[in-house]
file protein38.cif (mmCIF, C-alpha atoms and all ligand atoms)
data_protein
loop_
_atom_site.label_atom_id
_atom_site.label_comp_id
_atom_site.auth_asym_id
_atom_site.auth_seq_id
_atom_site.Cartn_x
_atom_site.Cartn_y
_atom_site.Cartn_z
CA MET A 1 -51.06 -65.75 34.76
CA SER A 2 -54.04 -63.64 33.70
CA PRO A 3 -53.44 -59.87 33.53
CA ALA A 4 -54.48 -57.81 36.57
CA PRO A 5 -57.89 -56.11 36.12
CA PRO A 6 -57.70 -52.38 35.29
CA ASP A 7 -57.50 -50.17 38.38
CA PRO A 8 -60.84 -48.26 38.47
CA ARG A 9 -59.13 -45.19 39.99
CA PHE A 10 -57.36 -44.66 36.67
CA GLY A 11 -60.33 -45.14 34.33
CA GLY A 12 -58.76 -47.98 32.35
CA LEU A 13 -55.49 -46.09 31.74
CA PRO A 14 -52.19 -47.78 32.60
CA PRO A 15 -51.90 -47.08 36.35
CA PRO A 16 -49.04 -44.78 37.37
CA SER A 17 -46.56 -46.15 39.93
CA ASP A 18 -46.76 -45.11 43.59
CA ALA A 19 -43.83 -42.73 43.01
CA GLU A 20 -45.63 -41.17 40.02
CA CYS A 21 -48.85 -40.77 42.06
CA ALA A 22 -46.83 -39.09 44.83
CA HIS A 23 -45.23 -36.77 42.25
CA SER A 24 -48.63 -35.84 40.81
CA ALA A 25 -49.92 -35.16 44.34
CA ARG A 26 -47.05 -32.65 44.80
CA VAL A 27 -47.98 -30.99 41.50
CA VAL A 28 -51.63 -30.77 42.59
CA ALA A 29 -50.57 -29.21 45.93
CA HIS A 30 -48.51 -26.63 44.01
CA LEU A 31 -51.51 -25.84 41.78
CA VAL A 32 -53.87 -25.55 44.76
CA HIS A 33 -51.49 -22.99 46.31
CA ALA A 34 -51.24 -21.09 43.03
CA ILE A 35 -55.06 -20.94 42.82
CA ALA A 36 -55.36 -19.80 46.47
CA ASP A 37 -52.72 -17.08 45.82
CA GLU A 38 -54.89 -15.76 42.96
CA GLU A 39 -58.08 -15.67 45.05
CA GLY A 40 -59.50 -18.93 43.78
CA TRP A 41 -59.08 -18.75 39.99
CA ILE A 42 -56.20 -18.97 37.50
CA SER A 43 -56.34 -18.83 33.71
CA PHE A 44 -55.99 -22.13 31.85
CA ALA A 45 -52.65 -20.86 30.50
CA ASP A 46 -51.38 -20.41 34.07
CA TYR A 47 -52.62 -23.90 34.93
CA MET A 48 -50.98 -25.43 31.83
CA ASN A 49 -47.78 -23.49 32.46
CA ALA A 50 -47.48 -24.82 36.01
CA ALA A 51 -48.56 -28.39 35.13
CA LEU A 52 -46.03 -28.56 32.28
CA TYR A 53 -43.16 -26.27 33.26
CA ALA A 54 -43.07 -25.57 37.06
CA PRO A 55 -39.41 -26.23 37.95
CA GLY A 56 -38.91 -29.74 39.30
CA LEU A 57 -42.65 -30.47 39.11
CA GLY A 58 -44.12 -29.88 35.66
CA TYR A 59 -44.41 -32.57 33.03
CA TYR A 60 -41.57 -31.11 30.93
CA ALA A 61 -39.52 -29.95 33.91
CA ALA A 62 -39.30 -33.13 35.99
CA GLY A 63 -38.28 -36.70 35.21
CA ALA A 64 -41.24 -38.00 33.09
CA HIS A 65 -39.99 -40.07 30.16
CA LYS A 66 -42.26 -38.23 27.66
CA PHE A 67 -40.98 -39.13 24.17
CA GLY A 68 -41.03 -42.39 22.22
CA ALA A 69 -42.51 -45.85 22.73
CA ALA A 70 -41.79 -45.86 26.48
CA GLY A 71 -43.21 -42.34 26.93
CA ASP A 72 -46.53 -40.65 26.23
CA PHE A 73 -46.28 -39.53 22.60
CA VAL A 74 -44.04 -39.89 19.56
CA THR A 75 -42.88 -36.89 17.55
CA ALA A 76 -41.56 -37.07 13.98
CA PRO A 77 -37.85 -36.97 14.93
CA GLU A 78 -38.44 -39.70 17.53
CA LEU A 79 -40.04 -41.83 14.84
CA THR A 80 -37.15 -41.73 12.38
CA PRO A 81 -33.86 -39.94 11.68
CA LEU A 82 -35.13 -39.46 8.12
CA PHE A 83 -37.28 -36.54 9.32
CA GLY A 84 -34.27 -34.47 10.38
CA ARG A 85 -32.18 -35.58 7.42
CA THR A 86 -34.94 -34.46 5.05
CA LEU A 87 -35.40 -31.16 6.87
CA ALA A 88 -31.66 -30.64 6.33
CA VAL A 89 -32.34 -30.38 2.57
CA GLN A 90 -34.45 -27.24 3.13
CA LEU A 91 -32.04 -25.85 5.69
CA ALA A 92 -29.04 -26.37 3.40
CA GLN A 93 -30.78 -24.32 0.70
CA VAL A 94 -31.31 -21.47 3.16
CA LEU A 95 -27.81 -21.61 4.65
CA ALA A 96 -26.37 -21.38 1.13
CA GLN A 97 -28.02 -17.94 0.88
CA VAL A 98 -26.95 -16.72 4.33
CA PRO A 99 -23.17 -16.68 4.78
CA ASP A 100 -22.31 -17.30 8.48
CA GLY A 101 -25.93 -18.30 9.12
CA GLU A 102 -26.75 -20.32 12.22
CA ILE A 103 -29.53 -22.69 13.15
CA LEU A 104 -31.60 -22.00 16.24
CA GLU A 105 -33.85 -24.82 17.39
CA ILE A 106 -36.61 -23.89 19.83
CA GLY A 107 -37.82 -26.68 22.15
CA PRO A 108 -35.43 -29.44 21.05
CA GLY A 109 -37.05 -32.15 23.23
CA SER A 110 -34.70 -35.13 23.51
CA GLY A 111 -32.13 -33.57 21.11
CA ARG A 112 -32.88 -36.16 18.45
CA LEU A 113 -33.82 -33.64 15.75
CA ALA A 114 -30.66 -31.60 16.39
CA ALA A 115 -28.49 -34.71 15.97
CA ASP A 116 -30.22 -35.72 12.72
CA VAL A 117 -30.30 -32.23 11.18
CA VAL A 118 -26.60 -31.68 11.83
CA ALA A 119 -25.76 -35.13 10.44
CA GLY A 120 -27.85 -34.32 7.33
CA LEU A 121 -26.17 -30.92 6.89
CA ALA A 122 -22.70 -32.46 7.33
CA GLU A 123 -23.52 -34.95 4.53
CA ARG A 124 -24.31 -31.98 2.29
CA ASN A 125 -21.26 -29.97 3.32
CA ALA A 126 -23.65 -27.35 4.61
CA LEU A 127 -22.80 -27.26 8.32
CA PRO A 128 -23.69 -23.95 10.00
CA ALA A 129 -21.17 -22.18 12.19
CA ARG A 130 -23.30 -22.99 15.22
CA TYR A 131 -26.46 -24.89 16.13
CA LEU A 132 -28.16 -23.09 19.02
CA LEU A 133 -30.63 -24.85 21.30
CA LEU A 134 -33.21 -22.93 23.33
CA GLU A 135 -34.99 -25.14 25.84
CA VAL A 136 -37.11 -24.06 28.80
CA SER A 137 -36.83 -27.37 30.68
CA PRO A 138 -33.59 -28.04 32.62
CA ASP A 139 -34.43 -31.76 32.61
CA LEU A 140 -34.64 -31.82 28.80
CA ARG A 141 -31.51 -29.67 28.44
CA GLN A 142 -29.64 -32.34 30.37
CA ARG A 143 -31.07 -35.07 28.16
CA GLN A 144 -30.12 -33.13 25.03
CA ARG A 145 -26.54 -32.80 26.29
CA GLU A 146 -26.37 -36.53 27.00
CA LEU A 147 -27.80 -37.55 23.62
CA LEU A 148 -25.62 -35.16 21.63
CA SER A 149 -22.48 -36.02 23.65
CA ALA A 150 -23.10 -39.69 22.86
CA GLN A 151 -24.03 -39.27 19.20
CA ALA A 152 -22.65 -36.10 17.66
CA GLY A 153 -18.97 -37.10 17.80
CA VAL A 154 -16.72 -34.41 16.34
CA LEU A 155 -19.78 -32.26 15.57
CA LEU A 156 -20.52 -31.76 19.29
CA SER A 157 -18.63 -28.45 19.33
CA HIS A 158 -21.24 -27.00 16.93
CA PHE A 159 -23.98 -27.13 19.60
CA ARG A 160 -24.54 -24.33 22.06
CA TRP A 161 -27.36 -23.97 24.58
CA ILE A 162 -28.79 -20.50 25.11
CA ASP A 163 -31.13 -19.17 27.81
CA ALA A 164 -33.14 -16.66 25.83
CA LEU A 165 -33.76 -15.65 22.23
CA PRO A 166 -30.64 -13.97 20.77
CA GLU A 167 -30.89 -10.22 20.11
CA ARG A 168 -30.32 -10.89 16.38
CA TRP A 169 -30.20 -14.06 14.30
CA SER A 170 -29.39 -15.01 10.71
CA GLY A 171 -29.87 -18.43 9.17
CA ALA A 172 -32.81 -20.62 10.22
CA VAL A 173 -35.07 -21.12 13.22
CA ILE A 174 -36.83 -24.44 13.57
CA ALA A 175 -39.57 -25.44 16.01
CA ASN A 176 -41.11 -28.89 15.72
CA GLU A 177 -44.17 -29.48 17.91
CA VAL A 178 -43.33 -26.55 20.17
CA LEU A 179 -46.18 -24.09 19.56
CA ASP A 180 -48.75 -26.76 20.51
CA ALA A 181 -47.03 -26.99 23.92
CA VAL A 182 -47.13 -23.25 24.63
CA PRO A 183 -49.74 -22.61 27.37
CA THR A 184 -53.02 -21.51 25.84
CA ARG A 185 -55.98 -19.43 27.03
CA LEU A 186 -59.54 -20.78 26.72
CA VAL A 187 -62.54 -18.66 25.79
CA VAL A 188 -66.21 -19.64 25.96
CA ARG A 189 -69.25 -18.09 24.33
CA ARG A 190 -72.38 -19.29 26.09
CA GLY A 191 -75.87 -17.91 25.69
CA GLY A 192 -74.39 -14.93 23.84
CA GLN A 193 -72.11 -14.03 26.80
CA TRP A 194 -68.30 -14.26 26.77
CA PHE A 195 -66.22 -15.98 29.47
CA GLU A 196 -62.62 -16.93 30.03
CA ARG A 197 -62.37 -20.57 31.09
CA GLY A 198 -59.87 -21.00 33.87
CA VAL A 199 -59.19 -23.39 36.72
CA SER A 200 -60.55 -23.38 40.24
CA LEU A 201 -61.39 -25.90 43.00
CA ASP A 202 -64.84 -27.52 43.00
CA ALA A 203 -66.96 -28.25 46.07
CA SER A 204 -64.86 -31.40 46.71
CA ALA A 205 -61.63 -29.33 46.45
CA HIS A 206 -60.73 -30.98 43.13
CA LEU A 207 -59.24 -29.05 40.21
CA ALA A 208 -62.03 -28.08 37.82
CA PHE A 209 -62.83 -25.70 35.00
CA ALA A 210 -64.39 -22.42 36.09
CA ASP A 211 -65.63 -19.68 33.77
CA ARG A 212 -65.59 -16.02 34.61
CA PRO A 213 -66.81 -13.09 32.54
CA LEU A 214 -64.24 -12.11 29.94
CA ALA A 215 -62.83 -8.69 30.65
CA SER A 216 -62.69 -6.36 27.65
CA GLY A 217 -59.19 -6.18 26.18
CA MET A 218 -56.85 -8.17 23.97
CA LEU A 219 -58.30 -11.64 24.64
CA GLY A 220 -61.88 -10.47 24.18
CA ASN A 221 -60.98 -8.74 20.90
CA MET A 222 -59.20 -11.85 19.66
CA ALA A 223 -62.20 -14.06 20.47
CA GLN A 224 -64.74 -11.70 18.94
CA THR A 225 -62.83 -11.39 15.67
CA ARG A 226 -61.85 -15.07 15.34
CA PHE A 227 -64.74 -17.15 16.66
CA PRO A 228 -67.41 -17.91 14.04
CA GLU A 229 -70.90 -16.46 14.24
CA GLY A 230 -73.39 -18.71 15.97
CA GLY A 231 -74.22 -20.28 19.29
CA ASP A 232 -72.27 -21.73 22.16
CA TYR A 233 -68.60 -22.21 21.39
CA VAL A 234 -65.34 -23.02 23.22
CA SER A 235 -61.88 -22.66 21.76
CA GLU A 236 -58.29 -21.71 22.41
CA LEU A 237 -56.42 -18.46 21.77
CA ASN A 238 -52.69 -18.36 22.24
CA PRO A 239 -51.30 -14.81 22.62
CA THR A 240 -48.09 -16.22 24.16
CA ALA A 241 -47.30 -18.38 21.12
CA GLU A 242 -48.09 -15.44 18.82
CA ALA A 243 -45.80 -13.16 20.85
CA LEU A 244 -43.01 -15.75 20.62
CA VAL A 245 -43.30 -15.89 16.81
CA THR A 246 -43.38 -12.08 16.54
CA SER A 247 -40.35 -11.81 18.76
CA ILE A 248 -38.38 -14.35 16.70
CA GLY A 249 -39.38 -12.41 13.56
CA GLU A 250 -38.30 -9.05 14.99
CA ARG A 251 -34.85 -10.44 15.79
CA CYS A 252 -34.31 -11.90 12.31
CA GLU A 253 -31.66 -10.16 10.19
CA ARG A 254 -31.87 -12.60 7.32
CA GLY A 255 -33.23 -16.12 7.20
CA LEU A 256 -36.11 -18.57 7.50
CA MET A 257 -38.35 -19.61 10.37
CA LEU A 258 -39.86 -23.10 9.98
CA LEU A 259 -42.79 -23.91 12.26
CA ILE A 260 -43.92 -27.53 12.12
CA ASP A 261 -46.94 -28.67 14.09
CA TYR A 262 -50.45 -30.04 14.00
CA GLY A 263 -53.10 -27.49 13.28
CA PHE A 264 -55.09 -25.60 10.70
CA PRO A 265 -55.58 -22.20 9.10
CA ALA A 266 -58.08 -20.03 11.05
CA ALA A 267 -61.10 -20.89 8.88
CA GLU A 268 -60.73 -24.55 9.80
CA TYR A 269 -59.52 -23.95 13.35
CA TYR A 270 -62.49 -21.77 14.24
CA HIS A 271 -64.94 -23.77 12.14
CA PRO A 272 -68.51 -23.59 13.46
CA GLN A 273 -68.47 -27.37 13.94
CA ARG A 274 -65.25 -27.37 15.98
CA ASP A 275 -67.19 -25.96 18.91
CA CYS A 276 -65.29 -27.73 21.70
CA GLY A 277 -61.79 -26.56 20.69
CA THR A 278 -58.73 -28.77 20.32
CA LEU A 279 -57.32 -29.03 23.85
CA MET A 280 -56.04 -32.51 24.56
CA ALA A 281 -53.88 -34.39 27.07
CA HIS A 282 -51.64 -37.39 26.42
CA TYR A 283 -50.61 -40.21 28.70
CA ARG A 284 -48.82 -43.35 27.50
CA HIS A 285 -50.06 -42.98 23.93
CA ARG A 286 -53.68 -42.40 24.96
CA ALA A 287 -55.46 -39.12 24.22
CA LEU A 288 -57.41 -37.82 27.24
CA ALA A 289 -60.05 -35.12 27.24
CA ASP A 290 -59.51 -34.39 30.96
CA PRO A 291 -56.58 -32.02 31.61
CA PHE A 292 -56.96 -32.55 35.38
CA TRP A 293 -56.09 -36.24 35.35
CA CYS A 294 -52.78 -36.67 37.23
CA PRO A 295 -51.20 -33.26 36.44
CA GLY A 296 -47.45 -33.59 36.14
CA LEU A 297 -47.80 -37.01 34.49
CA ILE A 298 -49.65 -35.89 31.37
CA ASP A 299 -48.75 -33.74 28.40
CA MET A 300 -51.25 -31.05 27.37
CA THR A 301 -51.53 -29.51 23.94
CA ALA A 302 -53.74 -27.49 21.66
CA HIS A 303 -53.60 -27.46 17.87
CA VAL A 304 -51.95 -24.47 16.22
CA ASP A 305 -53.85 -21.69 14.43
CA PHE A 306 -51.41 -21.20 11.53
CA THR A 307 -53.15 -18.06 10.29
CA ALA A 308 -52.44 -16.45 13.66
CA MET A 309 -48.81 -17.63 13.53
CA ALA A 310 -48.35 -16.30 9.99
CA ARG A 311 -49.76 -12.91 11.03
CA ALA A 312 -47.56 -12.91 14.13
CA GLY A 313 -44.49 -13.50 11.96
CA VAL A 314 -45.56 -10.72 9.58
CA ALA A 315 -46.04 -8.40 12.57
CA GLY A 316 -42.41 -9.19 13.40
CA GLY A 317 -41.27 -8.09 9.94
CA MET A 318 -41.13 -11.44 8.13
CA SER A 319 -43.19 -12.58 5.15
CA VAL A 320 -44.85 -15.90 4.43
CA ALA A 321 -42.62 -18.05 2.22
CA GLY A 322 -44.74 -21.20 2.21
CA PHE A 323 -47.40 -23.23 3.97
CA ALA A 324 -47.78 -26.91 3.17
CA THR A 325 -48.82 -30.19 4.67
CA GLN A 326 -45.98 -32.16 6.22
CA ALA A 327 -46.44 -34.76 3.46
CA HIS A 328 -45.95 -32.20 0.68
CA PHE A 329 -43.03 -30.57 2.45
CA LEU A 330 -41.16 -33.83 3.05
CA VAL A 331 -41.80 -35.20 -0.43
CA ASN A 332 -40.70 -31.86 -1.97
CA CYS A 333 -37.51 -32.06 0.09
CA GLY A 334 -36.84 -35.56 -1.25
CA VAL A 335 -37.76 -37.83 1.64
CA LEU A 336 -38.11 -40.70 -0.83
CA ASP A 337 -34.53 -40.18 -2.07
CA VAL A 338 -33.34 -40.07 1.53
CA LEU A 339 -35.22 -43.33 2.11
CA ALA A 340 -33.74 -44.90 -1.04
CA ARG A 341 -30.28 -44.36 0.45
CA CYS A 342 -31.21 -46.49 3.47
CA GLY A 343 -29.74 -49.61 1.90
CA ASP A 344 -31.19 -52.97 0.87
CA PRO A 345 -34.99 -52.63 0.46
CA GLN A 346 -35.38 -56.18 1.78
CA ALA A 347 -33.50 -55.47 5.00
CA ALA A 348 -35.39 -54.96 8.26
CA ALA A 349 -33.84 -51.50 8.82
CA TYR A 350 -35.10 -50.30 5.41
CA LEU A 351 -38.59 -51.63 6.11
CA ARG A 352 -38.67 -49.84 9.46
CA ALA A 353 -37.58 -46.60 7.76
CA ALA A 354 -40.20 -47.06 5.01
CA ASN A 355 -42.90 -47.58 7.66
CA ALA A 356 -41.85 -44.41 9.42
CA VAL A 357 -41.94 -42.41 6.17
CA GLN A 358 -45.41 -43.79 5.52
CA LYS A 359 -46.49 -42.55 8.97
CA LEU A 360 -44.99 -39.09 8.40
CA THR A 361 -46.64 -38.65 5.00
CA SER A 362 -49.89 -40.64 5.04
CA PRO A 363 -52.99 -38.39 5.10
CA ALA A 364 -54.50 -40.78 7.67
CA GLU A 365 -51.53 -40.33 10.02
CA MET A 366 -49.24 -37.27 10.27
CA GLY A 367 -49.15 -36.23 6.61
CA GLU A 368 -52.20 -33.91 6.48
CA LEU A 369 -52.81 -32.80 10.05
CA PHE A 370 -49.20 -31.66 10.47
CA LYS A 371 -48.28 -28.52 8.55
CA VAL A 372 -45.11 -26.59 7.85
CA LEU A 373 -45.24 -22.79 7.90
CA ALA A 374 -42.20 -20.94 6.54
CA LEU A 375 -41.55 -17.24 7.24
CA ARG A 376 -38.61 -15.47 5.68
CA ARG A 377 -36.70 -12.22 5.62
CA GLY A 378 -34.07 -11.28 3.03
CA ILE A 379 -33.85 -14.66 1.29
CA ASP A 380 -35.09 -16.11 -2.02
CA ALA A 381 -38.66 -17.41 -1.72
CA ASP A 382 -38.25 -20.35 -4.11
CA LEU A 383 -37.92 -22.84 -1.30
CA VAL A 384 -37.55 -26.51 -2.21
CA GLY A 385 -40.02 -27.63 0.48
CA PHE A 386 -42.91 -25.65 -1.02
CA ARG A 387 -42.44 -26.23 -4.76
CA GLU A 388 -45.60 -28.37 -4.93
CA GLY A 389 -48.70 -28.03 -2.80
CA ASP A 390 -48.09 -24.59 -1.31
CA ARG A 391 -51.27 -23.52 0.51
CA SER A 392 -50.21 -20.04 1.63
CA HIS A 393 -53.38 -18.67 0.01
CA ARG A 394 -55.46 -20.56 2.59
CA LEU A 395 -53.91 -18.80 5.56
C1 LIG B 1 -43.75 -31.66 22.37
S1 LIG B 1 -42.09 -31.28 22.78
C2 LIG B 1 -41.33 -31.38 21.19
C3 LIG B 1 -39.87 -31.70 21.26
C4 LIG B 1 -39.11 -31.80 19.96
N1 LIG B 1 -39.14 -30.55 19.22
C5 LIG B 1 -39.59 -32.93 19.10
O1 LIG B 1 -40.09 -32.69 18.02
O2 LIG B 1 -39.45 -34.08 19.53
C6 LIG B 1 -42.14 -29.55 23.13
C7 LIG B 1 -40.79 -28.95 23.46
O3 LIG B 1 -40.86 -27.53 23.49
C8 LIG B 1 -40.24 -27.04 24.68
N2 LIG B 1 -40.79 -25.68 24.89
C9 LIG B 1 -42.06 -25.33 25.11
N3 LIG B 1 -42.19 -23.98 25.17
C10 LIG B 1 -40.96 -23.47 24.92
C11 LIG B 1 -40.43 -22.13 24.82
N4 LIG B 1 -41.21 -21.07 25.00
N5 LIG B 1 -39.12 -21.99 24.54
C12 LIG B 1 -38.32 -23.07 24.36
N6 LIG B 1 -38.77 -24.36 24.47
C13 LIG B 1 -40.06 -24.55 24.74
C14 LIG B 1 -40.56 -28.14 25.68
O4 LIG B 1 -39.81 -28.08 26.86
C15 LIG B 1 -40.21 -29.35 24.80
O5 LIG B 1 -38.83 -29.53 24.64
#

call {"tool": "encode", "arguments": {"input": "protein38.cif", "output": "structure tokens", "more": "lines below"}}
Ligand SMILES: C[S@@+](CC[C@H](N)C(=O)[O-])C[C@H]1O[C@@H](n2cnc3c(N)ncnc32)[C@H](O)[C@@H]1O
result
Amino acid sequence: MSPAPPDPRFGGLPPPSDAECAHSARVVAHLVHAIADEEGWISFADYMNAALYAPGLGYYAAGAHKFGAAGDFVTAPELTPLFGRTLAVQLAQVLAQVPDGEILEIGPGSGRLAADVVAGLAERNALPARYLLLEVSPDLRQRQRELLSAQAGVLLSHFRWIDALPERWSGAVIANEVLDAVPTRLVVRRGGQWFERGVSLDASAHLAFADRPLASGMLGNMAQTRFPEGGDYVSELNPTAEALVTSIGERCERGLMLLIDYGFPAAEYYHPQRDCGTLMAHYRHRALADPFWCPGLIDMTAHVDFTAMARAGVAGGMSVAGFATQAHFLVNCGVLDVLARCGDPQAAAYLRAANAVQKLTSPAEMGELFKVLALRRGIDADLVGFREGDRSHRL
């Protein structure tokens, strides 16, 4: 039988099921109400927040599969357990300096990374007293519980879910691909005038971008100091992500915050040639430029400005302990030794693991675009993950 022709309504993308279309229609109705409630215009951050996190509706807060081959994107821990086991090398070094230290993972997704990190720490006799998980999505919380109940065995009692950042923490905070999912504002400079790009309804009552003059204040100051000189320009600014990093820093008694994501230092992020920003949507492993295509079924992200995150951590009382590409960080932490322990190099399982390590470290895949930023307070700065290739000076 020949394959069915692509459905033109979905622009060549794999067509969603009728149930998925109905779900997206409910998300759109929710957004239309939200826009009407705000007199016809909401910021892009409000749009992204609702489309990703509205309870029972948003992409992360309803049933979408999301991670892995059957989902929309693959993150490092979904690719291979070696990612978490290698991260455990850095975490073990920190926990050795912080008696009674805990790990706090922000945005644990499916729970895969938590399972692998704890297994890696157990192998090194470096288990923390507790592994805390902070997740905004009830749907993902449930999935994390199911995965960890099935896989963590006797270590299950180490995991505890929390609803908000703890007042104080010691040990390590980890966030893999979380900051890119924090709702972002959009700012436009056009013809020398400044605008905030938000979301409105067009003449056909469809969701559409709408620009309105940028009020003076925090966002305007951020744009004017960060955007490069020159002509028309669009980019993202993420005060919410910065506030999250500052807040984690302020609550740190002693320990390390590890932020892993795709992104650049400010000079590359706000490069004159990157004049359309980095906003992107994902659906079934395709990158889409249109964030209004089937809201509720698509992920939305923006790259991370690591200079802003480093400054946000410093504003919270931490200092920069390292900034490296994911490739450097993983190799420094001994990912190749972890791979070498995967058994017979001729066996299929070893070859799969080697392929995954190649993907995590290759400059053409995740090795260069993904970075690791480390912020510390009260611990030794000679961190194993940053011994070679530290690029803190570029922040
Ligand atoms: C792209 S997923 C990454 C999941 C996982 N860390 C991984 O690497 O597979 C983003 C995750 O961050 C969560 N998230 C986003 N903003 C958050 C916040 N402010 N606090 C806690 N979790 C958040 C999402 O619900 C989701 O679990």

call {"tool": "residues_near_ligand", "arguments": {"input": "protein38.cif", "ligand": "ligand LIG 1 (chain B)", "cutoff": "6 Å", "atoms": "only C-alpha atoms and all ligand atoms", "output": "number ranges by chain"}}
result
A: 60, 75, 77, 106-109, 134-137, 176-178, 181-182

call {"tool": "residues_around", "arguments": {"input": "protein38.cif", "residues": "Leu31 (chain A)", "least_positions_apart": "4", "cutoff": "9 Å", "atoms": "only C-alpha atoms", "output": "ChimeraX atom specification"}}
result
/A:26-27,35-36,47,50-51,207

call {"tool": "residues_around", "arguments": {"input": "protein38.cif", "residues": "region 98-100 of chain A", "least_positions_apart": "3", "cutoff": "10 Å", "atoms": "all atoms listed in the file", "output": "PyMOL selection string"}}
result
chain A and resi 92-95+127-130+170-172+253-256+378-379

call {"tool": "closest_residue", "arguments": {"input": "protein38.cif", "among": "A:Leu339, A:Met280, A:Val234, A:Ala54", "to": "Leu351 (chain A)", "atoms": "only C-alpha atoms"}}
result
A:Leu339

call {"tool": "residues_around", "arguments": {"input": "protein38.cif", "residues": "Glu146 (chain A)", "least_positions_apart": "4", "cutoff": "12 Å", "atoms": "all atoms listed in the file", "output": "ChimeraX atom specification"}}
result
/A:110-112,115,139-142,150-153,156

call {"tool": "closest_residue", "arguments": {"input": "protein38.cif", "among": "A:Ala114, A:Ala315, A:Met48, A:Cys276", "to": "Glu250 (chain A)", "atoms": "only C-alpha atoms"}}
result
A:Ala315

call {"tool": "closest_residue", "arguments": {"input": "protein38.cif", "among": "A:Ala327, A:Leu237, A:Leu91, A:Cys252", "to": "Thr307 (chain A)", "atoms": "all atoms listed in the file"}}
result
A:Leu237

call {"tool": "closest_residue", "arguments": {"input": "protein38.cif", "among": "A:Thr325, A:Asn355, A:Ser200, A:Asn49", "to": "Gly263 (chain A)", "atoms": "all atoms listed in the file"}}
result
A:Thr325

call {"tool": "closest_residue", "arguments": {"input": "protein38.cif", "among": "A:Tyr131, A:Trp41, A:Trp293, A:Tyr270", "to": "Tyr233 (chain A)", "atoms": "only C-alpha atoms"}}
result
A:Tyr270

call {"tool": "closest_residue", "arguments": {"input": "protein38.cif", "among": "A:Glu196, A:Cys342, A:Phe264, A:Arg143", "to": "Ala61 (chain A)", "atoms": "all atoms listed in the file"}}
result
A:Arg143

call {"tool": "residues_around", "arguments": {"input": "protein38.cif", "residues": "region 66-71 of chain A", "least_positions_apart": "5", "cutoff": "8 Å", "atoms": "all atoms listed in the file", "output": "list of chain:residue names"}}
result
A:Tyr60, A:Glu78, A:Leu79, A:Ser110, A:Tyr283, A:Arg284, A:His285, A:Asp299

call {"tool": "write_last_selection", "arguments": {"input": "protein38.cif", "atoms": "C-alpha atoms", "output": "tab-separated table (two decimals), keeping the file's coordinate frame"}}
result
chain	number	residue	atom	x	y	z
A	60	TYR	CA	-41.57	-31.11	30.93
A	78	GLU	CA	-38.44	-39.70	17.53
A	79	LEU	CA	-40.04	-41.83	14.84
A	110	SER	CA	-34.70	-35.13	23.51
A	283	TYR	CA	-50.61	-40.21	28.70
A	284	ARG	CA	-48.82	-43.35	27.50
A	285	HIS	CA	-50.06	-42.98	23.93
A	299	ASP	CA	-48.75	-33.74	28.40

call {"tool": "residues_near_point", "arguments": {"input": "protein38.cif", "point": "(-45.0, -34.7, 44.5)", "cutoff": "12 Å", "atoms": "all atoms listed in the file", "output": "ChimeraX atom specification"}}
result
/A:18-31,51,54,56-59,62-63,294-297

call {"tool": "write_last_selection", "arguments": {"input": "protein38.cif", "atoms": "C-alpha atoms", "output": "short mmCIF file (atom, residue, chain, number, x, y, z; two decimals), in the coordinates of the input"}}
result
data_model
loop_
_atom_site.label_atom_id
_atom_site.label_comp_id
_atom_site.auth_asym_id
_atom_site.auth_seq_id
_atom_site.Cartn_x
_atom_site.Cartn_y
_atom_site.Cartn_z
CA ASP A 18 -46.76 -45.11 43.59
CA ALA A 19 -43.83 -42.73 43.01
CA GLU A 20 -45.63 -41.17 40.02
CA CYS A 21 -48.85 -40.77 42.06
CA ALA A 22 -46.83 -39.09 44.83
CA HIS A 23 -45.23 -36.77 42.25
CA SER A 24 -48.63 -35.84 40.81
CA ALA A 25 -49.92 -35.16 44.34
CA ARG A 26 -47.05 -32.65 44.80
CA VAL A 27 -47.98 -30.99 41.50
CA VAL A 28 -51.63 -30.77 42.59
CA ALA A 29 -50.57 -29.21 45.93
CA HIS A 30 -48.51 -26.63 44.01
CA LEU A 31 -51.51 -25.84 41.78
CA ALA A 51 -48.56 -28.39 35.13
CA ALA A 54 -43.07 -25.57 37.06
CA GLY A 56 -38.91 -29.74 39.30
CA LEU A 57 -42.65 -30.47 39.11
CA GLY A 58 -44.12 -29.88 35.66
CA TYR A 59 -44.41 -32.57 33.03
CA ALA A 62 -39.30 -33.13 35.99
CA GLY A 63 -38.28 -36.70 35.21
CA CYS A 294 -52.78 -36.67 37.23
CA PRO A 295 -51.20 -33.26 36.44
CA GLY A 296 -47.45 -33.59 36.14
CA LEU A 297 -47.80 -37.01 34.49
#

call {"tool": "residues_near_point", "arguments": {"input": "protein38.cif", "point": "(-29.2, -30.0, 4.6)", "cutoff": "8 Å", "atoms": "all atoms listed in the file", "output": "list in words"}}
result
Arg85, Thr86, Leu87, Ala88, Val89, Gln90, Leu91, Ala92, Gln93, Val117, Val118, Gly120, Leu121, Ala122, Glu123, Arg124, Ala126 and Leu127 of chain A

call {"tool": "atom_distance", "arguments": {"input": "protein38.cif", "atom1": "CA of Gly12 (chain A)", "atom2": "CA of Arg274 (chain A)"}}
result
27.1 Å

call {"tool": "atom_distance", "arguments": {"input": "protein38.cif", "atom1": "CA of Leu13 (chain A)", "atom2": "CA of Ala289 (chain A)"}}
result
12.7 Å

call {"tool": "atom_distance", "arguments": {"input": "protein38.cif", "atom1": "CA of Leu155 (chain A)", "atom2": "CA of Ile174 (chain A)"}}
result
18.9 Å

call {"tool": "residues_around", "arguments": {"input": "protein38.cif", "residues": "region 246-249 of chain A", "least_positions_apart": "3", "cutoff": "8 Å", "atoms": "all atoms listed in the file", "output": "count of residues only"}}
result
12
